[in-house]
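Input: a single structure, listed below in C-alpha cells.
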Amino acid sequence: MYAISPPVAGPGSSLGALLGTAATEVDALSGVADRLHSLIARHIAREDAPEESIEDAQMIDYLTQHLEALGDFLAQLARVTPPEILVDAASARAGVGLADLARRLMGDVPDEAAVPAGPAGECELF
C-alpha cells in the first residue's frame with residue numbers, strides 16, 4: 001500500500017500523490033475481485049458445476065491478479081515520481097464519472113461514519 005499526503009484538486013497537484021491514490025483504489029478493487037472469486041468458488045465447488053461457471057471463476061482470478069499487479073505498478077510509479085512534477089488534477093477529475101471515486105482520487109476521504117451503509121444482507125442489483 002502506498003501512503004503519501006493526499007493530492008489537492010487544482011492546477012498544481014502532485015502527480016506522485018495522484019498515482020498513490022490511484023494505486024490505493026486499484027488495491028481496493030483487487031480486494032473486491034478476490035471476494036467475488038471466493039464467492040463463486042464456493043458455488044462451483046459442486047460436482048455438477050457447469051464448465052462455464054468454472055471458466056468464469058478463473059477469469060475472476062485472472063482479474064484479481066492483474067489488478068494486484070497494476071496496483072503495485074502504480075504504487076511504484078508514485079514512489080519514483082519526483083514531488084515537483086505537478087498536474088492539473090481538476091481537469092482529470094472532471095472525466096471521472098463516479099463522484100465518490102473522483103473525490104477519493106483527490107484525497108477527499110469522508111469519515112467512515114459519514115458513509116451510508118445499507119442493512120446487512122441487502123443486495124442491490126442493477
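Quick note on naming: the chains in the C-alpha cells go A, B, ... in the order shown, residues restart at 1 in each chain, and ligands are numbered from 1 in order of appearance.
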* Identify, on the basis of only C-alpha atoms, every residue whose closest approach to Ile40 (chain A) does not exceed 10 Å; exclude the query and any residue fewer than 6 positions from it along the same chain; express the result as a ChimeraX atom specification. => /A:34,53-54,56-58,60
Keeping only N, CA and C atoms, write the selected residues as a short mmCIF file (atom, residue, chain, number, x, y, z; two decimals), in the first residue's frame.
data_model
loop_
_atom_site.label_atom_id
_atom_site.label_comp_id
_atom_site.auth_asym_id
_atom_site.auth_seq_id
_atom_site.Cartn_x
_atom_site.Cartn_y
_atom_site.Cartn_z
N ASP A 34 -11.23 -10.38 -5.38
CA ASP A 34 -10.85 -11.57 -4.63
C ASP A 34 -12.05 -12.12 -3.85
N SER A 53 -19.19 -21.89 -15.57
CA SER A 53 -19.00 -21.28 -14.24
C SER A 53 -17.56 -21.41 -13.78
N ILE A 54 -16.95 -22.54 -14.07
CA ILE A 54 -15.55 -22.74 -13.69
C ILE A 54 -14.66 -21.77 -14.47
N ASP A 56 -15.58 -18.87 -15.66
CA ASP A 56 -15.83 -17.54 -15.12
C ASP A 56 -15.04 -17.30 -13.84
N ALA A 57 -14.99 -18.31 -12.98
CA ALA A 57 -14.21 -18.20 -11.74
C ALA A 57 -12.74 -17.99 -12.05
N GLN A 58 -12.25 -18.67 -13.08
CA GLN A 58 -10.85 -18.49 -13.47
C GLN A 58 -10.60 -17.08 -13.99
N ILE A 60 -12.14 -14.40 -12.94
CA ILE A 60 -12.09 -13.51 -11.78
C ILE A 60 -10.71 -13.60 -11.13
#
* So which one's closest to Ala90 (chain A), A:Gly16, A:Gly107, A:Gly71, A:Gly31? Using only C-alpha atoms, please. ->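 When distances to Ala90 (chain A) are compared using only C-alpha atoms, the smallest one comes from A:Gly107.
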* **Selected residue of minimal separation from Leu105 (chain A) among A:Gln65, A:Ser91, A:Thr81, A:Thr24, counting only C-alpha atoms** =>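 Answer, going by the shortest atom-to-atom distance: A:Thr24.
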* Using only C-alpha atoms, which residue out of A:Ala78, A:Leu39, A:Met59, A:Leu86 lies closest to Ala22 (chain A)? ->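 Residue with the minimum atom-to-atom distance to Ala22 (chain A): A:Ala78.
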* Asked: What gap, in Å, lies between CA of Leu19 (chain A) and CA of Asp72 (chain A)?
  ->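 Interatomic distance, CA of Leu19 (chain A) to CA of Asp72 (chain A): 10.7 Å.
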